[in-house]
Amino acid sequence: MTLKNFPFDISITVVALALAAIVPPLLHPSGYIITVLSLIGMYAIALKGLDFVTGYTGEVSVGHAALFGLGAYAAGWMNLHVGFPLALAFPLSIGVGALCAWLISFPLLRVSGPFLVLTTFAFGRIVYVFLSET
């Protein structure tokens, strides 16, 4: 396992997402373009988390969709109930997803292999039931 390229990979992703988010809306402001760029940004963030776990550590995790769902739920809830604009709700929802990942990492760091897959699947199922019932 090597992490020598990890900071470089993250910095390239952040710069590319920043350029993709700033330049096209200035050149051609359209709701469709902004929606597509928002989806690309959200999926790129989810992909980087999955890439880190699978690519750098060699473990398989199926709980990333749950963290993605918690972040999306937090963004929608902050926009609808608190009244935050989406430009502020998105970074805060990333923080919510990161906080949930940090909290769930304490028990998950003790397992590996098929047990990691099972525990992350269980976490995803718990989040699915929670989001379905609220």
# chains A, B, ... in the order shown; residues from 1 in each chain; ligands from 1
$ residues_around --residues "Leu88 in chain A" --least-positions-apart "4" --cutoff "10 Å" --atoms "only C-alpha atoms" --output "PyMOL selection string"
chain A and resi 75+78-79+84+92-93
$ closest_residue --among "A:Leu37, A:Leu50, A:Ile22, A:Val60" --to "Val111 in chain A" --atoms "only C-alpha atoms"
A:Val60
$ select_by_dssp --residues "chain A" --states "helix (DSSP H, G or I)" --output "PyMOL selection string"
chain A and resi 6-27+31-57+64-82+86-108+114-133
$ residues_around --residues "Leu131 in chain A" --least-positions-apart "3" --cutoff "9 Å" --atoms "only C-alpha atoms" --output "list in words"
Gly69, Leu70, Tyr73, Ile126, Val127, Tyr128 and Thr134 of chain A
$ write_last_selection --atoms "C-alpha atoms" --output "PDB file, in the first residue's frame"
ATOM      1  CA  GLY A  69     -27.290   9.652   0.780  1.00  0.00           C
ATOM      2  CA  LEU A  70     -26.739  11.217   4.209  1.00  0.00           C
ATOM      3  CA  TYR A  73     -30.388  14.364   2.705  1.00  0.00           C
ATOM      4  CA  ILE A 126     -29.585   1.244   8.434  1.00  0.00           C
ATOM      5  CA  VAL A 127     -29.216   4.553   6.617  1.00  0.00           C
ATOM      6  CA  TYR A 128     -31.667   3.408   3.935  1.00  0.00           C
ATOM      7  CA  THR A 134     -38.113  10.250   7.895  1.00  0.00           C
TER       8      THR A 134
END
$ closest_residue --among "A:Cys100, A:Ser61, A:Pro85, A:Gly55" --to "Phe115 in chain A" --atoms "only C-alpha atoms"
A:Ser61
$ closest_residue --among "A:Val62, A:Leu80, A:Gly71, A:Trp102" --to "Arg125 in chain A" --atoms "only C-alpha atoms"
A:Val62
$ closest_residue --among "A:Leu108, A:Leu67, A:Leu118, A:Ala16" --to "Val96 in chain A" --atoms "only C-alpha atoms"
A:Leu67
$ residues_around --residues "Glu59 in chain A" --least-positions-apart "5" --cutoff "7 Å" --atoms "only C-alpha atoms" --output "PyMOL selection string"
chain A and resi 53-54+113
$ closest_residue --among "A:Ala89, A:Ala66, A:Ala101, A:Leu109" --to "Phe123 in chain A" --atoms "only C-alpha atoms"
A:Ala66
$ atom_distance --atom1 "CA of Phe106 in chain A" --atom2 "CA of Ala44 in chain A"
24.9 Å
$ atom_distance --atom1 "CA of Ile104 in chain A" --atom2 "CA of Phe68 in chain A"
13.8 Å
